[in-house]
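Visitor: Data: model-v8.cif, mmCIF, C-alpha atoms.
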```cif
data_target
loop_
_atom_site.group_PDB
_atom_site.id
_atom_site.type_symbol
_atom_site.label_atom_id
_atom_site.label_comp_id
_atom_site.auth_asym_id
_atom_site.auth_seq_id
_atom_site.Cartn_x
_atom_site.Cartn_y
_atom_site.Cartn_z
ATOM 1 C CA MET A 1 52.671 86.460 74.020
ATOM 2 C CA ASN A 2 51.016 83.118 73.435
ATOM 3 C CA ILE A 3 51.861 80.084 71.329
ATOM 4 C CA ASN A 4 49.859 81.459 68.397
ATOM 5 C CA ASN A 5 52.295 84.373 68.113
ATOM 6 C CA ILE A 6 55.237 81.985 67.938
ATOM 7 C CA ILE A 7 53.482 79.789 65.365
ATOM 8 C CA GLN A 8 52.568 82.793 63.210
ATOM 9 C CA THR A 9 56.118 84.174 63.398
ATOM 10 C CA ARG A 10 57.535 80.850 62.186
ATOM 11 C CA LYS A 11 54.962 80.687 59.380
ATOM 12 C CA ASN A 12 55.904 84.216 58.318
ATOM 13 C CA PHE A 13 59.595 83.344 58.254
ATOM 14 C CA ILE A 14 58.967 80.159 56.262
ATOM 15 C CA ASN A 15 56.870 82.155 53.811
ATOM 16 C CA LEU A 16 59.681 84.692 53.474
ATOM 17 C CA ILE A 17 62.229 82.046 52.444
ATOM 18 C CA SER A 18 59.912 79.622 50.638
ATOM 19 C CA ASP A 19 61.053 80.623 47.138
ATOM 20 C CA LEU A 20 64.752 80.089 47.871
ATOM 21 C CA ASP A 21 66.524 76.925 46.738
ATOM 22 C CA ILE A 22 68.967 74.950 48.882
ATOM 23 C CA ASP A 23 72.013 76.716 47.386
ATOM 24 C CA GLN A 24 70.556 80.133 48.202
ATOM 25 C CA LEU A 25 69.729 78.985 51.728
ATOM 26 C CA ASN A 26 73.327 77.814 52.195
ATOM 27 C CA GLN A 27 74.946 80.951 50.744
ATOM 28 C CA ILE A 28 76.958 82.963 53.267
ATOM 29 C CA PRO A 29 77.053 86.567 52.076
ATOM 30 C CA GLU A 30 80.433 88.270 52.033
ATOM 31 C CA GLY A 31 81.072 89.965 55.359
ATOM 32 C CA TYR A 32 78.731 87.616 57.255
ATOM 33 C CA ASN A 33 79.380 84.429 59.241
ATOM 34 C CA ASN A 34 76.083 82.617 58.761
ATOM 35 C CA ASN A 35 73.603 81.576 56.098
ATOM 36 C CA ILE A 36 69.804 81.645 56.059
ATOM 37 C CA ILE A 37 69.530 78.033 57.231
ATOM 38 C CA TRP A 38 71.729 78.800 60.243
ATOM 39 C CA ASN A 39 69.635 81.868 61.092
ATOM 40 C CA PHE A 40 66.407 79.849 60.947
ATOM 41 C CA GLY A 41 67.938 77.153 63.160
ATOM 42 C CA HIS A 42 69.187 79.828 65.552
ATOM 43 C CA ILE A 43 65.664 81.246 65.893
ATOM 44 C CA ILE A 44 64.353 77.822 66.863
ATOM 45 C CA VAL A 45 67.205 77.109 69.299
ATOM 46 C CA THR A 46 66.895 80.520 70.954
ATOM 47 C CA GLN A 47 63.146 80.085 71.398
ATOM 48 C CA GLN A 48 63.696 76.649 72.947
ATOM 49 C CA LEU A 49 66.302 77.993 75.363
ATOM 50 C CA LEU A 50 64.263 81.023 76.412
ATOM 51 C CA CYS A 51 60.878 79.324 76.652
ATOM 52 C CA ASN A 52 61.799 75.822 77.756
ATOM 53 C CA LYS A 53 65.258 75.341 79.223
ATOM 54 C CA PHE A 54 65.372 78.550 81.259
ATOM 55 C CA SER A 55 61.867 77.779 82.528
ATOM 56 C CA GLY A 56 62.886 74.325 83.697
ATOM 57 C CA LEU A 57 61.004 72.543 80.918
ATOM 58 C CA PRO A 58 62.519 69.899 78.639
ATOM 59 C CA LEU A 59 63.856 70.949 75.247
ATOM 60 C CA LEU A 60 61.887 69.744 72.230
ATOM 61 C CA ILE A 61 64.979 69.634 70.001
ATOM 62 C CA ASP A 62 67.986 67.321 69.923
ATOM 63 C CA GLU A 63 71.227 68.344 71.606
ATOM 64 C CA ASP A 64 73.095 68.267 68.271
ATOM 65 C CA ILE A 65 70.686 70.874 66.857
ATOM 66 C CA LEU A 66 71.206 72.985 69.970
ATOM 67 C CA ASP A 67 74.974 72.830 69.507
ATOM 68 C CA ALA A 68 74.824 73.547 65.763
ATOM 69 C CA PHE A 69 72.707 76.689 66.033
ATOM 70 C CA ARG A 70 73.444 78.208 69.442
ATOM 71 C CA LYS A 71 74.953 81.652 69.904
ATOM 72 C CA GLY A 72 78.562 81.741 68.774
ATOM 73 C CA SER A 73 78.232 78.825 66.360
ATOM 74 C CA LYS A 74 78.434 79.019 62.584
ATOM 75 C CA PRO A 75 77.632 76.701 59.698
ATOM 76 C CA GLU A 76 80.218 73.922 59.640
ATOM 77 C CA LYS A 77 78.917 72.366 56.435
ATOM 78 C CA LYS A 78 76.260 72.982 53.832
ATOM 79 C CA SER A 79 72.849 71.582 54.510
ATOM 80 C CA ALA A 80 72.210 68.425 52.551
ATOM 81 C CA VAL A 81 68.443 68.698 52.765
ATOM 82 C CA LYS A 82 66.968 67.619 49.433
ATOM 83 C CA SER A 83 63.559 69.131 50.010
ATOM 84 C CA TRP A 84 63.156 71.289 53.056
ATOM 85 C CA LYS A 85 59.714 72.414 51.942
ATOM 86 C CA SER A 86 57.958 69.103 52.521
#
```
Could you render the structure as structure tokens?
Guide:
Amino acid sequence: MNINNIIQTRKNFINLISDLDIDQLNQIPEGYNNNIIWNFGHIIVTQQLLCNKFSGLPLLIDEDILDAFRKGSKPEKKSAVKSWKS
């Protein structure tokens, strides 16, 4: 796998959720613990841990993002992003 695969995967995911508004992104379906925003953040955090941290490279995300979206976490508050598409 090369960086182009990772970039394309992220583009595909963004395209998949691009028509959702902030309330839909924050919705936690009944029977689930996380919303779409958390899942997207978790994808980014997991990639950073697997590709960077465990390889001895520096993380390219802030520690607070790592803590908010790592395995075992859940959304503590709704995202307040006004326009996540820009």
Visitor: If you apply the PyMOL selection byres ((chain A and resi 5-21) around 9) to this file, what residues do you get, as a list in words?
Guide: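 Evaluating the PyMOL selection byres ((chain A and resi 5-21) around 9) on this file yields Met1, Asn2, Ile3, Asn4, Ile22, Asp23, Gln24, Leu25, Asn26, Ile36, Phe40, Ile43, Ile44, Gln47, Ser83 and Lys85 of chain A.
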Visitor: Rounded to one decimal in Å, what is the spacing between CA of Trp38 (chain A) and CA of Pro58 (chain A)?
Guide: 22.4 Å
Visitor: Convert the output of the PyMOL selection byres ((chain A and resi 67) around 12) on the shown file into explicit residues, formatted as a list in words.
Guide: Trp38, Gly41, His42, Val45, Thr46, Leu49, Ile61, Asp62, Glu63, Asp64, Ile65, Leu66, Ala68, Phe69, Arg70, Lys71, Gly72, Ser73, Lys74, Pro75 and Glu76 of chain A
Visitor: What does the structure give for the distance between CA of Asn52 (chain A) and CA of Ile28 (chain A), in Å to one decimal?
Guide: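 CA of Asn52 (chain A) sits 29.7 Å away from CA of Ile28 (chain A).
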Visitor: To one decimal in Å, tell me the separation between CA of Leu60 (chain A) and CA of Asn39 (chain A).
Guide: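 Distance reported for this atom pair: 18.2 Å.
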Visitor: Edge lengths and centre, in Å to one decimal, as JSON: that's what I need for the box along x, y and z that holds all listed atoms of region 17-32 of chain A plus 5 Å on each side.
Guide:
```
{"center_x": 70.5, "center_y": 82.5, "center_z": 52.0, "size_x": 31.2, "size_y": 25.0, "size_z": 20.5}
```
